[in-house]
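So this block is data21.cif, mmCIF, C-alpha atoms and all ligand atoms:
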```
data_work
#
loop_
_atom_site.label_atom_id
_atom_site.label_comp_id
_atom_site.auth_asym_id
_atom_site.auth_seq_id
_atom_site.Cartn_x
_atom_site.Cartn_y
_atom_site.Cartn_z
CA MET Q 20 13.72 -8.84 12.91
CA GLU Q 21 13.49 -5.05 12.76
CA THR Q 22 10.07 -3.46 13.15
CA VAL Q 23 9.56 -1.35 10.05
CA ILE Q 24 6.06 -0.01 10.67
CA SER Q 25 4.46 0.08 14.08
CA LEU Q 26 1.10 1.45 15.09
CA ALA Q 27 0.56 0.99 18.83
CA LYS Q 28 -2.92 1.79 20.18
CA VAL Q 29 -3.17 4.56 17.61
CA THR Q 30 -6.18 6.84 17.73
CA ALA Q 31 -6.95 9.57 15.20
CA GLU Q 32 -9.80 11.95 14.50
CA LEU Q 33 -10.91 13.53 11.25
CA GLY Q 34 -13.50 16.26 11.03
CA GLY Q 35 -14.00 15.98 14.81
CA ARG Q 36 -14.96 12.31 14.61
CA PRO Q 37 -12.87 9.40 15.91
CA VAL Q 38 -11.69 7.39 12.91
CA LEU Q 39 -9.01 5.18 14.46
CA ARG Q 40 -9.85 3.85 17.93
CA GLY Q 41 -6.75 2.07 19.15
CA VAL Q 42 -5.19 0.35 16.13
CA ASP Q 43 -2.24 -2.00 16.60
CA LEU Q 44 -0.31 -2.99 13.50
CA THR Q 45 3.23 -4.24 13.01
CA VAL Q 46 5.19 -4.85 9.81
CA ARG Q 47 8.66 -6.37 10.24
CA THR Q 48 11.52 -6.55 7.76
CA GLY Q 49 10.60 -8.59 4.71
CA GLU Q 50 6.98 -9.08 5.75
CA ALA Q 51 3.92 -8.39 3.61
CA VAL Q 52 0.89 -7.28 5.58
CA ALA Q 53 -2.57 -6.64 4.10
CA LEU Q 54 -4.98 -4.19 5.69
CA LEU Q 55 -8.57 -5.09 4.86
CA GLY Q 56 -12.02 -3.85 5.81
CA ALA Q 57 -15.18 -2.20 4.58
CA ASN Q 58 -15.32 1.29 3.05
CA GLY Q 59 -14.80 3.86 5.77
CA SER Q 60 -13.34 1.38 8.27
CA GLY Q 61 -10.17 3.49 8.56
CA LYS Q 62 -7.68 1.67 6.29
CA SER Q 63 -6.43 4.77 4.46
CA THR Q 64 -6.36 6.75 7.67
CA ALA Q 65 -4.25 4.03 9.31
CA VAL Q 66 -1.64 4.03 6.52
CA ARG Q 67 -1.68 7.83 6.40
CA ALA Q 68 -1.05 7.88 10.16
CA ALA Q 69 1.86 5.49 9.56
CA VAL Q 70 3.44 7.94 7.10
CA GLY Q 71 2.71 11.03 9.20
CA GLN Q 72 -0.04 12.46 7.01
CA VAL Q 73 -2.71 12.18 9.68
CA PRO Q 74 -1.99 13.42 13.19
CA VAL Q 75 -2.21 10.78 15.85
CA THR Q 76 -4.22 11.80 18.92
CA GLY Q 77 -3.19 8.82 21.06
CA GLY Q 78 -0.81 5.87 20.98
CA GLU Q 79 2.23 5.94 18.77
CA ALA Q 80 3.09 5.52 15.09
CA ALA Q 81 6.71 4.64 14.34
CA LEU Q 82 8.81 3.94 11.25
CA PHE Q 83 12.05 1.97 11.54
CA GLY Q 84 11.88 2.44 15.31
CA SER Q 85 11.51 6.25 15.26
CA PRO Q 86 8.31 8.06 16.14
CA VAL Q 87 6.89 9.24 12.80
CA ARG Q 88 6.94 12.89 13.89
CA ARG Q 89 10.73 12.66 14.25
CA PHE Q 90 11.35 10.38 11.24
CA ARG Q 91 13.30 12.03 8.43
CA ASP Q 92 14.61 9.21 6.25
CA TRP Q 93 11.75 9.35 3.76
CA ALA Q 94 13.87 7.90 0.94
CA ARG Q 95 13.39 4.55 2.72
CA VAL Q 96 9.60 4.78 2.29
CA GLY Q 97 7.68 4.30 -0.96
CA TYR Q 98 4.05 5.35 -0.57
CA VAL Q 99 1.32 5.00 -3.18
CA PRO Q 100 -1.79 6.84 -1.98
CA GLN Q 101 -5.29 5.74 -2.85
CA ARG Q 102 -6.42 7.03 -6.27
CA SER Q 103 -4.55 10.24 -6.60
CA THR Q 104 -3.34 12.00 -9.69
CA ALA Q 105 0.32 12.05 -10.48
CA ALA Q 106 0.23 15.04 -12.79
CA GLY Q 107 -1.40 17.74 -10.70
CA GLY Q 108 -2.29 19.76 -13.76
CA VAL Q 109 1.27 20.07 -15.01
CA PRO Q 110 1.85 18.05 -18.17
CA ALA Q 111 4.46 15.42 -17.42
CA THR Q 112 5.62 12.24 -19.07
CA ILE Q 113 5.57 8.87 -17.38
CA ARG Q 114 9.36 9.01 -17.10
CA GLU Q 115 9.22 12.43 -15.40
CA VAL Q 116 6.66 11.30 -12.84
CA VAL Q 117 8.56 8.10 -12.09
CA THR Q 118 11.83 10.05 -11.83
CA ALA Q 119 10.21 12.14 -9.09
CA GLY Q 120 10.20 8.97 -6.99
CA ARG Q 121 13.97 8.92 -7.20
CA LEU Q 122 14.59 12.47 -6.08
CA GLY Q 123 14.37 11.75 -2.36
CA ARG Q 124 17.49 9.62 -2.72
CA ARG Q 125 19.44 12.27 -4.60
CA ARG Q 126 18.86 15.22 -2.33
CA LEU Q 127 20.07 18.02 -4.61
CA ARG Q 128 22.62 16.09 -6.65
CA PRO Q 129 21.87 15.57 -10.35
CA LEU Q 130 20.52 12.20 -11.44
CA GLY Q 131 23.20 9.74 -12.45
CA ARG Q 132 23.26 6.62 -14.58
CA ALA Q 133 22.15 4.40 -11.68
CA ASP Q 134 19.14 6.67 -11.10
CA ARG Q 135 18.12 6.56 -14.73
CA ALA Q 136 18.51 2.77 -14.72
CA ALA Q 137 16.32 2.49 -11.59
CA VAL Q 138 13.66 4.67 -13.24
CA ASP Q 139 13.69 2.57 -16.43
CA ARG Q 140 13.59 -0.64 -14.39
CA ALA Q 141 10.56 0.59 -12.42
CA ILE Q 142 8.74 1.62 -15.61
CA GLY Q 143 9.53 -1.76 -17.14
CA LEU Q 144 8.29 -3.60 -14.06
CA VAL Q 145 4.82 -2.11 -14.41
CA GLY Q 146 4.78 -2.81 -18.15
CA LEU Q 147 4.88 0.76 -19.44
CA ALA Q 148 8.34 0.78 -21.08
CA ASP Q 149 6.89 1.50 -24.51
CA ARG Q 150 4.90 4.46 -23.14
CA ALA Q 151 7.65 6.10 -21.06
CA SER Q 152 7.66 9.32 -23.09
CA ASP Q 153 3.87 9.67 -23.17
CA SER Q 154 2.10 12.28 -21.11
CA VAL Q 155 0.43 10.90 -17.98
CA ASP Q 156 -2.65 12.92 -18.94
CA ALA Q 157 -3.25 10.48 -21.76
CA LEU Q 158 -3.33 7.38 -19.55
CA SER Q 159 -6.25 5.32 -18.35
CA GLY Q 160 -6.99 5.06 -14.62
CA GLY Q 161 -5.32 1.67 -14.28
CA GLN Q 162 -2.25 2.82 -16.23
CA HIS Q 163 -2.08 5.87 -14.00
CA GLN Q 164 -2.09 3.63 -10.95
CA ARG Q 165 0.82 1.67 -12.45
CA VAL Q 166 2.79 4.92 -12.93
CA LEU Q 167 2.33 5.70 -9.23
CA ILE Q 168 3.52 2.22 -8.32
CA ALA Q 169 6.57 2.69 -10.57
CA ARG Q 170 7.27 6.03 -8.91
CA ALA Q 171 7.37 4.31 -5.51
CA LEU Q 172 9.55 1.48 -6.87
CA ALA Q 173 12.01 3.88 -8.52
CA GLY Q 174 13.24 5.10 -5.15
CA GLU Q 175 14.21 1.52 -4.23
CA PRO Q 176 12.67 2.01 -0.79
CA ASP Q 177 12.99 -0.38 2.15
CA VAL Q 178 9.25 -0.35 2.68
CA LEU Q 179 6.42 -0.08 0.16
CA ILE Q 180 3.07 1.17 1.40
CA MET Q 181 0.30 0.96 -1.20
CA ASP Q 182 -3.30 1.99 -0.65
CA GLU Q 183 -5.50 -0.19 -2.88
CA PRO Q 184 -2.94 -0.87 -5.61
CA LEU Q 185 -5.34 -3.31 -7.28
CA ALA Q 186 -8.23 -0.84 -7.63
CA GLY Q 187 -9.10 -0.41 -11.29
CA VAL Q 188 -6.21 -2.61 -12.39
CA ASP Q 189 -6.98 -5.52 -14.72
CA LEU Q 190 -6.07 -9.11 -13.89
CA ASP Q 191 -2.92 -9.14 -16.05
CA SER Q 192 -1.64 -6.02 -14.30
CA GLN Q 193 -2.56 -7.47 -10.92
CA GLN Q 194 -0.36 -10.42 -11.76
CA VAL Q 195 2.44 -8.09 -12.83
CA LEU Q 196 2.13 -6.35 -9.47
CA ALA Q 197 2.17 -9.70 -7.65
CA ARG Q 198 5.42 -10.65 -9.43
CA THR Q 199 6.93 -7.25 -8.73
CA LEU Q 200 6.06 -7.42 -5.05
CA ARG Q 201 7.40 -10.94 -4.77
CA ALA Q 202 10.75 -9.76 -6.17
CA GLN Q 203 10.76 -6.85 -3.72
CA LEU Q 204 9.99 -9.15 -0.77
CA GLU Q 205 12.81 -11.47 -1.83
CA ARG Q 206 15.17 -8.49 -1.60
CA GLY Q 207 14.04 -7.94 2.00
CA VAL Q 208 11.70 -5.03 1.26
CA SER Q 209 8.70 -4.83 3.61
CA VAL Q 210 5.21 -4.27 2.24
CA LEU Q 211 1.97 -2.88 3.65
CA LEU Q 212 -1.00 -3.05 1.29
CA VAL Q 213 -4.55 -1.81 1.67
CA LEU Q 214 -6.74 -4.23 -0.23
CA HIS Q 215 -10.38 -5.11 -0.65
CA GLU Q 216 -9.53 -8.65 -1.61
CA LEU Q 217 -6.25 -10.46 -1.66
CA GLY Q 218 -6.67 -11.73 -5.24
CA PRO Q 219 -3.38 -12.71 -6.91
CA LEU Q 220 -1.47 -11.22 -3.97
CA GLN Q 221 -2.84 -13.80 -1.55
CA PRO Q 222 0.20 -16.15 -1.60
CA LEU Q 223 2.52 -13.26 -0.74
CA ILE Q 224 0.69 -12.04 2.34
CA ASP Q 225 2.15 -12.97 5.73
CA ARG Q 226 -0.62 -11.40 7.76
CA ALA Q 227 -4.04 -9.93 7.04
CA VAL Q 228 -5.39 -7.35 9.47
CA VAL Q 229 -9.11 -6.62 9.19
CA LEU Q 230 -10.32 -3.21 10.36
CA ALA Q 231 -13.91 -2.49 11.32
CA ASP Q 232 -15.03 0.93 12.49
CA GLY Q 233 -11.52 2.11 13.32
CA ARG Q 234 -10.52 -1.00 15.27
CA VAL Q 235 -8.71 -4.20 14.43
CA GLN Q 236 -11.48 -6.74 14.14
CA ARG Q 237 -9.16 -9.67 13.58
CA THR Q 238 -5.79 -10.74 12.34
CA VAL Q 239 -5.14 -13.79 10.18
CA GLU Q 240 -1.62 -15.17 9.88
CA HIS Q 241 -0.65 -16.58 6.48
CA PRO Q 242 -4.01 -16.17 4.76
CA GLY Q 243 -2.37 -17.63 1.64
CA ARG Q 244 -2.46 -21.03 3.31
CA LEU Q 245 -6.25 -20.92 3.40
CA PRO Q 246 -8.04 -22.19 0.32
CA GLU Q 247 -8.64 -19.39 -2.20
CA THR Q 248 -12.42 -19.59 -1.80
CA GLN Q 249 -12.16 -18.43 1.80
CA THR Q 250 -10.48 -15.18 0.95
CA ALA Q 251 -12.54 -14.29 -2.09
CA CYS Q 252 -14.69 -11.20 -2.14
CA HIS Q 253 -17.76 -13.27 -2.90
CA PRO Q 254 -16.98 -16.84 -1.88
CA PRO Q 255 -18.77 -19.45 -3.91
CA THR Q 256 -21.26 -21.61 -2.13
CA ASP Q 257 -19.38 -23.71 0.36
CA PRO Q 258 -20.96 -27.02 1.33
CA GLU Q 259 -19.73 -26.71 4.93
CA PRO Q 260 -18.98 -23.07 5.56
CA SER Q 261 -18.84 -23.45 9.33
CA ALA Q 262 -16.34 -26.31 9.20
CA ARG Q 263 -13.37 -24.05 8.54
CA PRO Q 264 -12.33 -20.60 9.68
CA THR Q 265 -13.32 -18.09 7.06
CA LEU Q 266 -11.66 -14.85 6.11
CA GLN Q 267 -14.00 -12.43 4.41
CA THR Q 268 -11.72 -9.99 2.74
CA GLY Q 269 -14.26 -8.22 0.60
CA ILE Q 270 -16.89 -5.71 1.61
CA LEU Q 271 -17.66 -6.90 5.10
N1 LIG B 1 -10.53 14.40 5.48
C1 LIG B 1 -11.52 13.85 6.20
N2 LIG B 1 -12.33 14.58 6.97
C2 LIG B 1 -13.31 14.01 7.71
N3 LIG B 1 -13.55 12.68 7.73
C3 LIG B 1 -12.77 11.91 6.98
C4 LIG B 1 -11.71 12.44 6.16
N4 LIG B 1 -11.10 11.40 5.54
C5 LIG B 1 -11.75 10.30 5.92
N5 LIG B 1 -12.75 10.58 6.78
C6 LIG B 1 -13.66 9.62 7.43
O1 LIG B 1 -12.89 8.69 8.15
C7 LIG B 1 -13.45 7.39 8.03
C8 LIG B 1 -12.37 6.43 7.55
O2 LIG B 1 -11.95 6.81 6.25
P1 LIG B 1 -10.81 6.05 5.46
O3 LIG B 1 -10.55 6.83 4.24
O4 LIG B 1 -9.68 5.79 6.37
O5 LIG B 1 -11.55 4.67 5.15
P2 LIG B 1 -11.09 3.44 4.25
O6 LIG B 1 -11.17 2.24 5.11
O7 LIG B 1 -9.80 3.74 3.60
O8 LIG B 1 -12.25 3.36 3.17
P3 LIG B 1 -12.23 3.01 1.58
O9 LIG B 1 -12.31 1.50 1.50
O10 LIG B 1 -13.49 3.62 1.08
O11 LIG B 1 -11.01 3.60 0.99
C9 LIG B 1 -14.64 7.50 7.09
O12 LIG B 1 -15.80 7.54 7.88
C10 LIG B 1 -14.43 8.83 6.41
O13 LIG B 1 -15.66 9.43 6.14
MG MG B 2 -9.22 4.06 1.66
#
```
Represent the structure from my file as structure tokens, please.
Amino acid sequence: METVISLAKVTAELGGRPVLRGVDLTVRTGEAVALLGANGSGKSTAVRAAVGQVPVTGGEAALFGSPVRRFRDWARVGYVPQRSTAAGGVPATIREVVTAGRLGRRRLRPLGRADRAAVDRAIGLVGLADRASDSVDALSGGQHQRVLIARALAGEPDVLIMDEPLAGVDLDSQQVLARTLRAQLERGVSVLLVLHELGPLQPLIDRAVVLADGRVQRTVEHPGRLPETQTACHPPTDPEPSARPTLQTGIL
């Protein structure tokens, strides 16, 4: 199986402080990996290092087998950053923002029918088909997040990297995202998700990697095979909590 994302003993500093202190993380073709951990544990920094947005001071970050600093095939990567704005002050419709996710594939050629179909499909997948011509300025936070997810999907990338795609998204939309990701995984797309809790995505996740203070605290294979209560943010009272291995995926 090809290694799609690889962080090997990666260290990184921000503002003169070490933020990643030797992180190892691997995502292979068709795998879904969740990166969990408390606020400030380094999750966003780790995914930003994986896409070359944070310089690595030690170890190596690689995409599809190439060191990130030499990687050029960005059309293969769909990245949804944590809570950003899609509009950047310029009024744009949902369709325009989602179309931007397709441009990496086109280089400078005009968009064709297949591109427009991919854009419409992505907008439909996140449930915004009836709003496609609306300005993104008029959307709620959760709808905005769905536009960013559609933008990543529109490029039909080989890997989807999403930083907290469930944040501010209601349960129905979380389930839409779970269905969308399942379809992507079935097509062989690889997925790396930063999450605070696995929620409806739990059955899809092949591996959960928990960061604490810039280090991998532990890794859990197939967390979806654990009972739901053990991966909840606030597990209900368990009569025998020590009898089974627990995975705290909420605020640790
Ligand atoms: N641009 C920056 N300059 C300086 N320090 C930063 C910068 N960005 C992040 N940090 C620090 O790096 C650490 C890790 O931040 P990061 O955003 O990776 O955490 P996170 O695990 O994604 O947290 P959250 O769950 O809140 O999103 C934090 O202590 C944060 O204060
Ligand atoms: Mg973050």
As a PyMOL selection string, please: the residues near Thr199 in chain Q (cut-off 7 Å, only C-alpha atoms, same-chain neighbours under 4 positions excluded).
chain Q and resi 144+195+203
Enumerate as a PyMOL selection string the residues within 10 Å of ligand MG 2 (chain B), counting only C-alpha atoms and all ligand atoms.
chain Q and resi 55-67+100-102+182-183+213-215
Keeping C-alpha atoms, export the residues of the selection given above as a PDB file, in the coordinates of the input.
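Okay, part.pdb is ready:
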```
ATOM      1  CA  LEU Q  55      -8.570  -5.090   4.860  1.00  0.00           C
ATOM      2  CA  GLY Q  56     -12.020  -3.850   5.810  1.00  0.00           C
ATOM      3  CA  ALA Q  57     -15.180  -2.200   4.580  1.00  0.00           C
ATOM      4  CA  ASN Q  58     -15.320   1.290   3.050  1.00  0.00           C
ATOM      5  CA  GLY Q  59     -14.800   3.860   5.770  1.00  0.00           C
ATOM      6  CA  SER Q  60     -13.340   1.380   8.270  1.00  0.00           C
ATOM      7  CA  GLY Q  61     -10.170   3.490   8.560  1.00  0.00           C
ATOM      8  CA  LYS Q  62      -7.680   1.670   6.290  1.00  0.00           C
ATOM      9  CA  SER Q  63      -6.430   4.770   4.460  1.00  0.00           C
ATOM     10  CA  THR Q  64      -6.360   6.750   7.670  1.00  0.00           C
ATOM     11  CA  ALA Q  65      -4.250   4.030   9.310  1.00  0.00           C
ATOM     12  CA  VAL Q  66      -1.640   4.030   6.520  1.00  0.00           C
ATOM     13  CA  ARG Q  67      -1.680   7.830   6.400  1.00  0.00           C
ATOM     14  CA  PRO Q 100      -1.790   6.840  -1.980  1.00  0.00           C
ATOM     15  CA  GLN Q 101      -5.290   5.740  -2.850  1.00  0.00           C
ATOM     16  CA  ARG Q 102      -6.420   7.030  -6.270  1.00  0.00           C
ATOM     17  CA  ASP Q 182      -3.300   1.990  -0.650  1.00  0.00           C
ATOM     18  CA  GLU Q 183      -5.500  -0.190  -2.880  1.00  0.00           C
ATOM     19  CA  VAL Q 213      -4.550  -1.810   1.670  1.00  0.00           C
ATOM     20  CA  LEU Q 214      -6.740  -4.230  -0.230  1.00  0.00           C
ATOM     21  CA  HIS Q 215     -10.380  -5.110  -0.650  1.00  0.00           C
TER      22      HIS Q 215
END
```
Enclose the full set of atoms of range 141-152 of chain Q listed in the file within a box whose edges lie along x, y and z, apply 8 Å of padding to each of the six sides, and report centre and edge lengths in Å to one decimal as AutoDock Vina command-line options.
```
--center_x 7.7 --center_y 2.9 --center_z -18.5 --size_x 21.8 --size_y 28.9 --size_z 28.1
```
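Restricting the calculation to only C-alpha atoms and all ligand atoms, the smallest distance between ligand LIG 1 (chain B) and any of Q:Val75, Q:Ala31, Q:Leu167, Q:Val210 is found for Q:Ala31.
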Which residues, written as number ranges by chain, have at least one atom at most 12 Å from Val29 in chain Q, with all atoms listed in the file counted and residues fewer than 5 positions away on the same chain left out?
Q: 37-45, 61, 64-69, 73-81, 233-235
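Minimum atom-to-atom distance to Thr30 in chain Q, evaluated using only C-alpha atoms, belongs to Q:Asp232 out of Q:Asp232, Q:Arg237, Q:Gly218, Q:Arg95.
What separates CA of Val145 in chain Q from CA of Ala157 in chain Q is a distance of 16.7 Å.
Around Leu179 in chain Q, within 10 Å and counting only C-alpha atoms, the residues found are Q:Ala51, Q:Arg95, Q:Val96, Q:Gly97, Q:Tyr98, Q:Val99, Q:Ile168, Q:Ala171, Q:Leu172, Q:Glu175, Q:Pro176, Q:Asp177, Q:Met181, Q:Asp182, Q:Leu200, Q:Gln203, Q:Leu204, Q:Val208, Q:Ser209, Q:Val210, Q:Leu211, Q:Leu212, once anything fewer than 2 positions away on its own chain is removed.
Of the residues under consideration (Q:Val229, Q:Met20, Q:Val117, Q:Leu220), Q:Val229 shows the shortest atom-to-atom contact distance to ligand LIG 1 (chain B) when counting all atoms listed in the file.
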Report, in Å to a single decimal, how far apart CA of Val46 in chain Q and CA of Gly120 in chain Q are.
22.3 Å
Could you give me, as a CSV table (one decimal) with C-alpha atoms, keeping the file's coordinate frame, the residues within 7 Å of Gly243 in chain Q, counting only C-alpha atoms and dropping anything in the same chain fewer than 5 positions from it?
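File produced: part22.csv:
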```
chain,number,residue,atom,x,y,z
Q,221,GLN,CA,-2.8,-13.8,-1.6
Q,222,PRO,CA,0.2,-16.2,-1.6
Q,223,LEU,CA,2.5,-13.3,-0.7
Q,224,ILE,CA,0.7,-12.0,2.3
```
From the set Q:Ile24, Q:Leu185, Q:Leu190, Q:Ala173, which residue has the shortest atom-to-atom contact distance to Val52 in chain Q, counting all atoms listed in the file?
Q:Ile24
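Interatomic distance, CA of Asp225 in chain Q against CA of His241 in chain Q: 4.6 Å.
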Give the answer as one residue: which of Q:Val70, Q:Leu130, Q:Ala53, Q:Leu230 has the shortest atom-to-atom distance to ligand LIG 1 (chain B), using only C-alpha atoms and all ligand atoms?
Q:Leu230
Residues proximal to (0.0, -3.9, -12.5) were defined as those with any atom within 12 Å of that point in the file's coordinates, counting only C-alpha atoms. Which are they, as a PyMOL selection string?
chain Q and resi 141-147+160-169+183-200+219-220
Near Phe83 in chain Q, within 8 Å and counting only C-alpha atoms, which residues show up once chain neighbours fewer than 4 positions away are dropped, as an NGL selection string?
:Q and (21-24)
